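Working notes for the structure below.
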Amino acid sequence: MKRDTQPSPRRWLAAHAAGQRGWLMLAALAGIAAGALTVAQMALLAWIVSRLLVDGAPLASLTSAFLLLVAALVARALCQWGQELSGQLASLRIRHAVRAELLDHLAAMGPVRAGARHSAGLANQLVEQVEALDGYFARFLPQLRLCVAIPLLILVVVVSLDWLAALFLLLAAPLIPLFMALVGMGAERLNRDQFVAVSRLSGHFLDRVRGIATLQLFGRTREAATEVHAAADEYRRLSMRTLRVAFLSSAVLEFFASVAIAVVAIYVGFGLLGYIEFGPAEELTLFSGLLVLLLAPEFFQPLRTLAQHYHDRAAALGAADGMLALLSEPVRPTHSAASPPSAPERCVALAAVTLTHPGRGQVLGPLDVVVERGDTLVVSGPSGAGKSALLQLLAGFVAPASGQRLAAPDLKIAWMDQRPLLIHGSLAENLRLAAPQASDAELERALAHAGLAELVAALPQGIHTPLGERGSGLSGGQAQRLALARVFLSDAELVLLDEPTASLDEATEARVIESLRRLGKDGRTLVIATHHPALMAMASRRLALHEGREQALEAGG
Amino acid sequence: MSNRSLRATFAPWLRLLAQRRTRLAIGVLLLIVTVFSAVGLLTLSGWFIAASALAGMALAMGMAVAFDVYVPGAGIRFFAVSRTVARYGERLYNHDTVLRLLADLRHRLFTAMARLDDRSLARQRASDWLNRLTADIDTLDGLYLRLLAPPAVALAAITLLAGFLALWVPMVGLAVAALLVPTWAWLTAGQAWLGMASSKRQVAHLQRLRSQAIEHLTGLAELEAYRSREWHRQNFFQREARLSRDQQRLAGVAGLGVALVNLMVGLGMVAALWLVAAAWQQGAISGAVMVMMPIAVLALGEVLALLPAAFTQLGASRGAAERLNEVEEAGQATLSAGHAQLPTGALSVRLRELVLHYPGALAPALQDLDLVVAPGQRLALTGASGAGKSSVAALLTRRMPPSQGEILLGDIPLGEVDEASLRERVAILGQRIDLFQDSLASNLRLAAPEAADAQLWQALAWVELADWAEALPQGLATPVGEGGRALSGGQARRLALARLWLRDPGLVILDEPFAGLDAGTVARLSPRLDAWLTGRSVLYLVHQLDGGAFDPPGITREQRL
């Protein structure tokens, strides 16, 4: 995917479809084969009837035709199955490719830019929105091809039988999309008019559910339940107004299909009776007349199926629109820009960097920071001064708007902020995220350093205790200490800590500070953003920030 | 798969549907009319063509035949129109029904959820429970239109057609029924059985995939720092692969069903053709009727076509019903309430040896807590976040049962207090403020349903919002937006304070009542709140008493958690 210019959702979907051209083609071919077999089946039926009625052939002489008919039925069933399976295979592969593309892009955007977006919304895009592409690739796209191929095939057969009947079908076919479009436009206008009211009412239920606790406290749940019912009923009333028009478009399709069958039937009937004395009607036979009649509904069937899948297309385009908006977000420049700092004792340095956040302007800089090996650099300042932004720049999570980040080659980083990552799994798995090869003993030691030893000792399953979804079972302070244990476990040289003692009670706080001091003594390089006086006292150097700029840099410690 | 539990799972929802059984029956009837028209159109057309051909042949041979073209012609036109009209009417009527069922479902679930305790609600707020809930409701509101009406209509159509065919040639009716009734059974029960496990699992996989995505996104910083992003991404794709396997299996099963519909209907047609041909050759029926019968069987395909996809996914509906049943059951384990009325005036509070241990938590949230507030006292309950302050508030407002210990309000055990009396006499202003997508007035009247406009204006004046509200073109009728989004955080907070003022509680629980307000406003509102609190018992929940932005007025005592 090229992202220089943002492609339209339709193009983007087409590009993904091209990636699975083989399976999609197979699905379409299987569908076309099934269509051709349907024609064959109908022709056999008409032929058998004609042989019996017109030629007076005995039933026994038609056994092979009957067997052929059964064979056509079996083959058609297999083709239909094949169509479903290959469509689904293509869709599954495309969905995987789309997820990979989105995750790649999020990784390239970096934790800061990607993290600025609502995580539940992004997860929804990665999971549900990608699933919303399913119908489009598995059903709509193959059906779109069938919609051209099968009516065309039937038309060719009907023309060879009776061109006037073919003309009826041909006339009806283009009228259908025309009328559907007309009705659809009407529905769209109506939709727009009612959109606000309908969306407000559909949100009503969620709004009341979100506030259930408050309704309980005011003792108003019964009244609210009545309101929920009334709002849903009002929603129904308004929706029905739209649906009355929206269903007209499928009624149009139904009407034309029915009328075409009726016209063909009456035309063929009158022709066979010899009432029609022009055109090809005089040459109609029971075989050709019956076959034309049997093929008439099949002529419209692909279009009816497509109409059923039409909302799949709308859903996919909507989802693609959101994904493209995400994919057009700028990414961090690749790491080639990061050159090693000039002196070997330097761990990481920022040279004349500035950082801007979309919508907030410049949040940091211009700023020069040098972190030397073994430093304990404490960054302080009021909230909003850019402490976190500085740490993120040092970690390389975000690219500076101007200036440069200079990092030692292959610099390993440990990171801890106020919202530690807790994965669904055991305590041990949560720790091993920082060091996959660590032994149980090493895990225990790291937990002890982080002040979690007593808690883990009290657990019957110890470090193998499972944590619930998003760490349920752990309090905020415990989660914080788990993240700290990861820091101890990793062998990273540079340790970046964003408010490590926030949301800890006093006793734990003291223990954590003691552990951090040990970390510094072990020779690790620490950068800590904090307000806490005890942590400030640990500093070998301090950096005070105010509104994104350095206030005073004092040597000391 | 045990059928009994399947039935038990759906039973409450089927009972809910049954409340609208007349509408459901009319909907099914309309569907049958639609199918009848579609089958009728093709069948009559087939008969007409065959009859015309035979008559034409006879005429060509110079025989005198009387053939009435007008009655069948009118019949064909009638079916062409009735198929369209019936289909349109059926869709409209049945969608109306579905939306009515949606209203019923929402009402019923809301009533159940309104009985959930604080813990369940908090957990659900945190997870994507709301998304799942709406998805589950949507799944169940399609129960009728996907899983009940189509099989009923299909079976009716098969039986009616087999009966109709049997009128001419009994063997044909029997053969068609013998082929298509078992097919119908397979398309419903068989497809459901094949797809049950996968379709149920699919929902769970999707949900886990979603939480793994959230983990990945919120943890990008740590994952990148520790270089474990690739590892976590692989976990994500492993889960996706498991989802894919189930989806592929389901597509295979559904595809099998679709193929089977056409195969069996086709075989029915072949069998009918063979049998009617034999009957015709024996002179039992006319040639036109012979042509009509296989065509009629062929027209049944459309009726059966909806079944495979719907029933392959039965497991998903079952899962949705199970989850909603859980919500209902959790709501039934409601906290006991009695009929004792709380005394008027300031309320005393006493907690004795209270233990609160959340299921699944590693350690108890509250351990042997004793707490006393005498009438009119103001107690500051301090502690770091997570120390259990909000748990105490939830316990006192009976939104959570204690694991052990005793709670007395006004010397009455909390479990014996009347629900209405409790809600009237105990007020809480928490950190979280819920404003509803409604007018200013309705949001205020939540606290005092009977309050006159003048009283609402007084409440607004008390929190210094009256001038602002008067300047609004719609005044009290101004909508506050979804979740109060049209208001600033400070305005929302003051609106919550106004709601407090409209009530007359004997115990007030305040958790950072002035959070998010500027110092000037706090300085003006604080004495007013102090005066209003006089003569009531107060429980302040505070991080620590260090003279921050707001010093709660008139604290009598402090207790640390």
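Chain lettering (A, B, ...) mirrors the order of the structure tokens, residue numbering begins at 1 for each chain separately, and ligand numbering begins at 1 in order of display.
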Skip range 45-60 of chain A itself and residues of its chain fewer than 3 positions away, then list as a list of chain:residue names all residues within 8 Å of it, counting only C-alpha atoms.
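Residues near the query, excluding close chain neighbours: A:Gln41, A:Met42, A:Thr63, A:Ala65, A:Leu69, A:Leu286, A:Phe287, A:Ser288, A:Leu290, A:Leu291, B:Leu54, B:Trp274, B:Ala277, B:Ala278, B:Gly287, B:Val291.
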Any chance you could export the current selection's N, CA and C atoms as a compact mmCIF listing (two decimals), in the first residue's frame?
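Printed below is out.txt as written:
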# COMPACT_ATOMS: atom_id res chain seq x y z
N GLN A 41 -29.76 -27.65 -16.05
CA GLN A 41 -30.81 -28.36 -15.33
C GLN A 41 -32.18 -28.00 -15.89
N MET A 42 -32.39 -26.69 -16.10
CA MET A 42 -33.68 -26.25 -16.62
C MET A 42 -33.90 -26.77 -18.04
N THR A 63 -34.44 -42.47 -19.17
CA THR A 63 -33.67 -42.73 -17.94
C THR A 63 -32.34 -41.99 -17.94
N ALA A 65 -31.54 -39.26 -19.43
CA ALA A 65 -31.76 -37.84 -19.23
C ALA A 65 -32.00 -37.54 -17.75
N LEU A 69 -29.74 -35.28 -15.28
CA LEU A 69 -30.33 -34.22 -14.45
C LEU A 69 -29.82 -34.32 -13.02
N LEU A 286 -42.99 -26.16 -27.04
CA LEU A 286 -43.13 -26.37 -25.60
C LEU A 286 -41.76 -26.31 -24.94
N PHE A 287 -40.75 -26.92 -25.61
CA PHE A 287 -39.40 -26.91 -25.03
C PHE A 287 -38.89 -25.48 -24.86
N SER A 288 -38.89 -24.72 -25.96
CA SER A 288 -38.30 -23.38 -25.87
C SER A 288 -39.14 -22.49 -24.95
N LEU A 290 -41.09 -23.33 -22.39
CA LEU A 290 -40.94 -23.73 -20.99
C LEU A 290 -39.58 -23.31 -20.46
N LEU A 291 -38.56 -23.48 -21.31
CA LEU A 291 -37.21 -23.13 -20.86
C LEU A 291 -37.11 -21.62 -20.62
N LEU B 54 -50.23 -27.65 -25.59
CA LEU B 54 -51.05 -28.80 -25.96
C LEU B 54 -52.24 -28.37 -26.81
N TRP B 274 -40.58 -37.74 -12.41
CA TRP B 274 -40.65 -39.16 -12.77
C TRP B 274 -42.04 -39.74 -12.42
N ALA B 277 -44.86 -38.19 -14.52
CA ALA B 277 -44.79 -38.67 -15.90
C ALA B 277 -45.44 -40.05 -16.00
N ALA B 278 -45.13 -40.88 -15.00
CA ALA B 278 -45.73 -42.22 -14.99
C ALA B 278 -47.24 -42.11 -14.84
N GLY B 287 -51.68 -33.48 -19.20
CA GLY B 287 -50.28 -33.12 -19.47
C GLY B 287 -49.91 -31.82 -18.81
N VAL B 291 -46.78 -30.98 -16.03
CA VAL B 291 -45.71 -29.98 -16.12
C VAL B 291 -45.67 -29.10 -14.88
Name the residues in contact with range 142-146 of chain B at a cut-off of 9 Å, using only C-alpha atoms, excluding same-chain residues fewer than 2 positions from it; report them as a list of chain:residue names.
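Those residues are B:Trp13, B:Leu14, B:Leu17, B:Leu24, B:Asn94, B:His95, B:Val98, B:Leu101, B:Leu102, B:Ile137, B:Asp138, B:Thr139, B:Leu140, B:Leu148, B:Ala149, B:Pro150, B:Pro151, B:Leu306, B:Leu307, B:Ala310, B:Phe311, B:Ser317.
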Same residues, N, CA and C atoms, output as an mmCIF file, in the first residue's frame:
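Below you can see selection26.cif, which holds the result:
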data_model
loop_
_atom_site.group_PDB
_atom_site.id
_atom_site.type_symbol
_atom_site.label_atom_id
_atom_site.label_comp_id
_atom_site.auth_asym_id
_atom_site.auth_seq_id
_atom_site.Cartn_x
_atom_site.Cartn_y
_atom_site.Cartn_z
ATOM 1 N N TRP B 13 -36.707 -15.819 26.846
ATOM 2 C CA TRP B 13 -36.842 -14.894 25.707
ATOM 3 C C TRP B 13 -37.997 -15.303 24.822
ATOM 4 N N LEU B 14 -38.240 -16.621 24.741
ATOM 5 C CA LEU B 14 -39.405 -17.070 23.976
ATOM 6 C C LEU B 14 -40.687 -16.628 24.675
ATOM 7 N N LEU B 17 -41.257 -13.135 23.759
ATOM 8 C CA LEU B 17 -41.820 -13.040 22.408
ATOM 9 C C LEU B 17 -43.306 -13.394 22.419
ATOM 10 N N LEU B 24 -46.872 -11.957 15.937
ATOM 11 C CA LEU B 24 -45.975 -12.953 15.354
ATOM 12 C C LEU B 24 -46.748 -13.841 14.388
ATOM 13 N N ASN B 94 -43.210 -7.155 9.700
ATOM 14 C CA ASN B 94 -42.306 -7.923 10.552
ATOM 15 C C ASN B 94 -41.190 -7.063 11.141
ATOM 16 N N HIS B 95 -40.749 -6.038 10.398
ATOM 17 C CA HIS B 95 -39.739 -5.161 10.988
ATOM 18 C C HIS B 95 -40.331 -4.329 12.107
ATOM 19 N N VAL B 98 -40.236 -6.583 14.989
ATOM 20 C CA VAL B 98 -38.891 -6.737 15.544
ATOM 21 C C VAL B 98 -38.533 -5.525 16.396
ATOM 22 N N LEU B 101 -40.228 -5.749 19.603
ATOM 23 C CA LEU B 101 -39.552 -6.721 20.465
ATOM 24 C C LEU B 101 -38.293 -6.102 21.063
ATOM 25 N N LEU B 102 -37.625 -5.269 20.263
ATOM 26 C CA LEU B 102 -36.423 -4.593 20.762
ATOM 27 C C LEU B 102 -36.777 -3.727 21.969
ATOM 28 N N ILE B 137 -28.262 -7.907 22.585
ATOM 29 C CA ILE B 137 -29.672 -7.537 22.435
ATOM 30 C C ILE B 137 -30.055 -7.569 20.962
ATOM 31 N N ASP B 138 -29.154 -7.052 20.110
ATOM 32 C CA ASP B 138 -29.441 -7.067 18.677
ATOM 33 C C ASP B 138 -29.570 -8.501 18.158
ATOM 34 N N THR B 139 -28.689 -9.380 18.687
ATOM 35 C CA THR B 139 -28.773 -10.776 18.268
ATOM 36 C C THR B 139 -30.133 -11.365 18.633
ATOM 37 N N LEU B 140 -30.572 -11.084 19.851
ATOM 38 C CA LEU B 140 -31.817 -11.696 20.309
ATOM 39 C C LEU B 140 -33.043 -11.069 19.680
ATOM 40 N N LEU B 148 -37.276 -18.217 14.143
ATOM 41 C CA LEU B 148 -38.610 -18.779 14.407
ATOM 42 C C LEU B 148 -39.503 -18.765 13.175
ATOM 43 N N ALA B 149 -39.624 -17.597 12.552
ATOM 44 C CA ALA B 149 -40.555 -17.498 11.420
ATOM 45 C C ALA B 149 -40.108 -18.328 10.208
ATOM 46 N N PRO B 150 -38.821 -18.228 9.772
ATOM 47 C CA PRO B 150 -38.473 -18.962 8.548
ATOM 48 C C PRO B 150 -38.709 -20.473 8.618
ATOM 49 N N PRO B 151 -38.301 -21.161 9.703
ATOM 50 C CA PRO B 151 -38.571 -22.599 9.706
ATOM 51 C C PRO B 151 -40.068 -22.903 9.746
ATOM 52 N N LEU B 306 -33.170 -19.592 3.400
ATOM 53 C CA LEU B 306 -32.779 -18.758 4.545
ATOM 54 C C LEU B 306 -32.289 -19.586 5.733
ATOM 55 N N LEU B 307 -32.658 -20.860 5.750
ATOM 56 C CA LEU B 307 -32.420 -21.638 6.966
ATOM 57 C C LEU B 307 -30.950 -21.916 7.295
ATOM 58 N N ALA B 310 -28.903 -19.063 9.058
ATOM 59 C CA ALA B 310 -29.445 -18.691 10.369
ATOM 60 C C ALA B 310 -29.158 -19.771 11.403
ATOM 61 N N PHE B 311 -29.370 -21.038 11.040
ATOM 62 C CA PHE B 311 -29.238 -22.079 12.059
ATOM 63 C C PHE B 311 -27.790 -22.478 12.315
ATOM 64 N N SER B 317 -26.498 -17.051 18.957
ATOM 65 C CA SER B 317 -27.711 -16.590 19.632
ATOM 66 C C SER B 317 -27.799 -17.216 21.018
#
Range 395-412 of chain B environment, 8 Å, only C-alpha atoms, sequence neighbours closer than 5 positions dropped, as a ChimeraX atom specification
/A:217 /B:117-119,335,340,342-343,347-357,368,417,422-423,426
Per residue of range 272-383 of chain A within 9 Å of range 489-501 of chain A, note the shortest atom pair and the distance in Å to one decimal, counting only C-alpha atoms, and order the rows by chain and increasing residue number, as JSON lines.
{"residue": "A:Cys347", "atom": "CA", "partner": "A:Leu494", "partner_atom": "CA", "distance": 7.6}
{"residue": "A:Val348", "atom": "CA", "partner": "A:Leu494", "partner_atom": "CA", "distance": 8.6}
{"residue": "A:Arg373", "atom": "CA", "partner": "A:Leu494", "partner_atom": "CA", "distance": 8.2}
{"residue": "A:Gly374", "atom": "CA", "partner": "A:Glu493", "partner_atom": "CA", "distance": 8.8}
Store the residues of this selection in a file with C-alpha atoms, as a compact mmCIF listing (two decimals), in the first residue's frame.
# COMPACT_ATOMS: atom_id res chain seq x y z
CA CYS A 347 23.71 7.08 26.95
CA VAL A 348 21.20 9.20 25.14
CA ARG A 373 25.78 6.47 31.85
CA GLY A 374 25.07 5.99 35.54
Skip range 301-304 of chain B itself and residues of its chain fewer than 4 positions away, then list as a ChimeraX atom specification all residues within 8 Å of it, counting only C-alpha atoms.
/B:35,150-151,153-154,157,184,261-262,265,297
Okay, now the selection with N, CA and C atoms, as a JSON list (two decimals), in the first residue's frame?
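The resulting again-v1.json:
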[["chain", "number", "residue", "atom", "x", "y", "z"],
["B", 35, "VAL", "N", -44.92, -16.49, 0.08],
["B", 35, "VAL", "CA", -44.41, -17.73, -0.51],
["B", 35, "VAL", "C", -45.45, -18.33, -1.44],
["B", 150, "PRO", "N", -38.82, -18.23, 9.77],
["B", 150, "PRO", "CA", -38.47, -18.96, 8.55],
["B", 150, "PRO", "C", -38.71, -20.47, 8.62],
["B", 151, "PRO", "N", -38.30, -21.16, 9.70],
["B", 151, "PRO", "CA", -38.57, -22.60, 9.71],
["B", 151, "PRO", "C", -40.07, -22.90, 9.75],
["B", 153, "VAL", "N", -42.46, -21.11, 8.41],
["B", 153, "VAL", "CA", -43.00, -20.89, 7.07],
["B", 153, "VAL", "C", -42.56, -22.01, 6.12],
["B", 154, "ALA", "N", -41.28, -22.41, 6.24],
["B", 154, "ALA", "CA", -40.76, -23.45, 5.36],
["B", 154, "ALA", "C", -41.54, -24.76, 5.55],
["B", 157, "ALA", "N", -44.95, -24.45, 4.13],
["B", 157, "ALA", "CA", -44.95, -24.48, 2.67],
["B", 157, "ALA", "C", -44.76, -25.91, 2.15],
["B", 184, "TRP", "N", -35.66, -30.42, 5.78],
["B", 184, "TRP", "CA", -36.01, -29.29, 6.65],
["B", 184, "TRP", "C", -35.43, -29.53, 8.05],
["B", 261, "VAL", "N", -29.79, -27.46, 0.18],
["B", 261, "VAL", "CA", -31.12, -26.96, -0.15],
["B", 261, "VAL", "C", -31.39, -27.19, -1.64],
["B", 262, "ASN", "N", -30.43, -26.73, -2.46],
["B", 262, "ASN", "CA", -30.66, -26.81, -3.90],
["B", 262, "ASN", "C", -30.65, -28.25, -4.40],
["B", 265, "VAL", "N", -34.02, -29.96, -3.10],
["B", 265, "VAL", "CA", -35.17, -29.44, -3.83],
["B", 265, "VAL", "C", -35.12, -29.93, -5.27],
["B", 297, "VAL", "N", -42.46, -27.75, -7.16],
["B", 297, "VAL", "CA", -41.46, -28.21, -6.18],
["B", 297, "VAL", "C", -40.21, -27.32, -6.26]]
Give me, as a PyMOL selection string, all polymer residues having an atom no more than 12 Å from Ala97 in chain A, counting only C-alpha atoms and skipping those fewer than 3 positions away in the same chain.
(chain A and resi 1+13+15-20+90-94+100-104+126+130+133) or (chain B and resi 237+240)
Put those residues in a file: C-alpha atoms, as an mmCIF file, in the first residue's frame.
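Result file follows (selection.cif):
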data_model
loop_
_atom_site.group_PDB
_atom_site.id
_atom_site.type_symbol
_atom_site.label_atom_id
_atom_site.label_comp_id
_atom_site.auth_asym_id
_atom_site.auth_seq_id
_atom_site.Cartn_x
_atom_site.Cartn_y
_atom_site.Cartn_z
ATOM 1 C CA MET A 1 0.000 0.000 0.000
ATOM 2 C CA LEU A 13 -10.626 -2.389 -0.716
ATOM 3 C CA ALA A 15 -6.170 -3.337 -3.627
ATOM 4 C CA HIS A 16 -6.779 -5.821 -0.817
ATOM 5 C CA ALA A 17 -9.066 -7.836 -3.065
ATOM 6 C CA ALA A 18 -6.266 -7.954 -5.647
ATOM 7 C CA GLY A 19 -4.089 -9.631 -3.034
ATOM 8 C CA GLN A 20 -6.503 -12.566 -2.976
ATOM 9 C CA ALA A 90 -10.362 -14.985 0.554
ATOM 10 C CA SER A 91 -12.165 -12.935 3.176
ATOM 11 C CA LEU A 92 -10.248 -14.532 6.060
ATOM 12 C CA ARG A 93 -6.901 -13.897 4.390
ATOM 13 C CA ILE A 94 -7.790 -10.328 3.548
ATOM 14 C CA ALA A 100 -1.394 -6.734 9.963
ATOM 15 C CA GLU A 101 -1.387 -3.489 7.988
ATOM 16 C CA LEU A 102 -3.140 -1.629 10.810
ATOM 17 C CA LEU A 103 -0.824 -3.029 13.489
ATOM 18 C CA ASP A 104 2.239 -2.196 11.398
ATOM 19 C CA LEU A 126 -8.859 -3.774 14.698
ATOM 20 C CA VAL A 130 -12.174 -5.592 10.213
ATOM 21 C CA LEU A 133 -15.267 -6.354 5.800
ATOM 22 C CA PHE B 237 -2.544 -13.348 15.598
ATOM 23 C CA GLU B 240 -7.064 -14.506 15.286
#
Taking the DSSP assignment computed from this structure's backbone, write out as a ChimeraX atom specification all residues of range 339-546 of chain B that belong to strand (DSSP E or B).
/B:340,349-356,366-373,378-382,404-409,412-413,417-418,426-429,439,479,507-511,537-542
If we count only C-alpha atoms and set the cut-off at 8 Å, which residues sit around Trp23 in chain A, ignoring sequence neighbours fewer than 2 positions away in its own chain? Please answer as a PDB file with N, CA and C atoms, in the first residue's frame.
ATOM      1  N   GLN A  20      -5.914 -11.220  -3.031  1.00  0.00           N
ATOM      2  CA  GLN A  20      -6.503 -12.566  -2.976  1.00  0.00           C
ATOM      3  C   GLN A  20      -7.244 -12.860  -4.262  1.00  0.00           C
ATOM      4  N   ARG A  21      -6.674 -12.393  -5.363  1.00  0.00           N
ATOM      5  CA  ARG A  21      -7.351 -12.516  -6.649  1.00  0.00           C
ATOM      6  C   ARG A  21      -7.734 -13.970  -6.922  1.00  0.00           C
ATOM      7  N   MET A  25     -11.440 -15.162  -7.540  1.00  0.00           N
ATOM      8  CA  MET A  25     -11.761 -15.604  -8.887  1.00  0.00           C
ATOM      9  C   MET A  25     -12.390 -16.982  -8.833  1.00  0.00           C
ATOM     10  N   LEU A  26     -11.825 -17.835  -7.983  1.00  0.00           N
ATOM     11  CA  LEU A  26     -12.353 -19.189  -7.861  1.00  0.00           C
ATOM     12  C   LEU A  26     -13.804 -19.150  -7.385  1.00  0.00           C
ATOM     13  N   ALA A  27     -14.077 -18.263  -6.414  1.00  0.00           N
ATOM     14  CA  ALA A  27     -15.441 -18.140  -5.904  1.00  0.00           C
ATOM     15  C   ALA A  27     -16.373 -17.722  -7.033  1.00  0.00           C
ATOM     16  N   SER A  86     -14.497 -20.745  -1.006  1.00  0.00           N
ATOM     17  CA  SER A  86     -13.391 -19.913  -1.489  1.00  0.00           C
ATOM     18  C   SER A  86     -13.626 -18.445  -1.151  1.00  0.00           C
ATOM     19  N   GLY A  87     -14.889 -18.008  -1.172  1.00  0.00           N
ATOM     20  CA  GLY A  87     -15.173 -16.630  -0.774  1.00  0.00           C
ATOM     21  C   GLY A  87     -14.744 -16.385   0.661  1.00  0.00           C
ATOM     22  N   LEU A  89     -12.501 -18.101   2.379  1.00  0.00           N
ATOM     23  CA  LEU A  89     -11.042 -18.164   2.491  1.00  0.00           C
ATOM     24  C   LEU A  89     -10.410 -16.833   2.096  1.00  0.00           C
ATOM     25  N   ALA A  90     -10.894 -16.277   0.987  1.00  0.00           N
ATOM     26  CA  ALA A  90     -10.362 -14.985   0.554  1.00  0.00           C
ATOM     27  C   ALA A  90     -10.604 -13.947   1.631  1.00  0.00           C
TER      28      ALA A  90
END
Would you mind telling me which residue in B:Ile26, B:Leu109, B:Met61, B:Leu263 lies nearest to chain A when using only C-alpha atoms?
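Selected residue with least distance to chain A: B:Leu263.
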In Å to one decimal, how far is CA of Gln234 in chain B from CA of His105 in chain A?
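CA of Gln234 in chain B lies at a distance of 15.8 Å from CA of His105 in chain A.
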Name the closest residue to chain A among the candidates B:Glu224, B:Leu31, B:Arg23, B:Leu167; distances are taken between atoms, counting only C-alpha atoms.
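Checking each of B:Glu224, B:Leu31, B:Arg23, B:Leu167 against chain A, counting only C-alpha atoms, the winner is B:Glu224.
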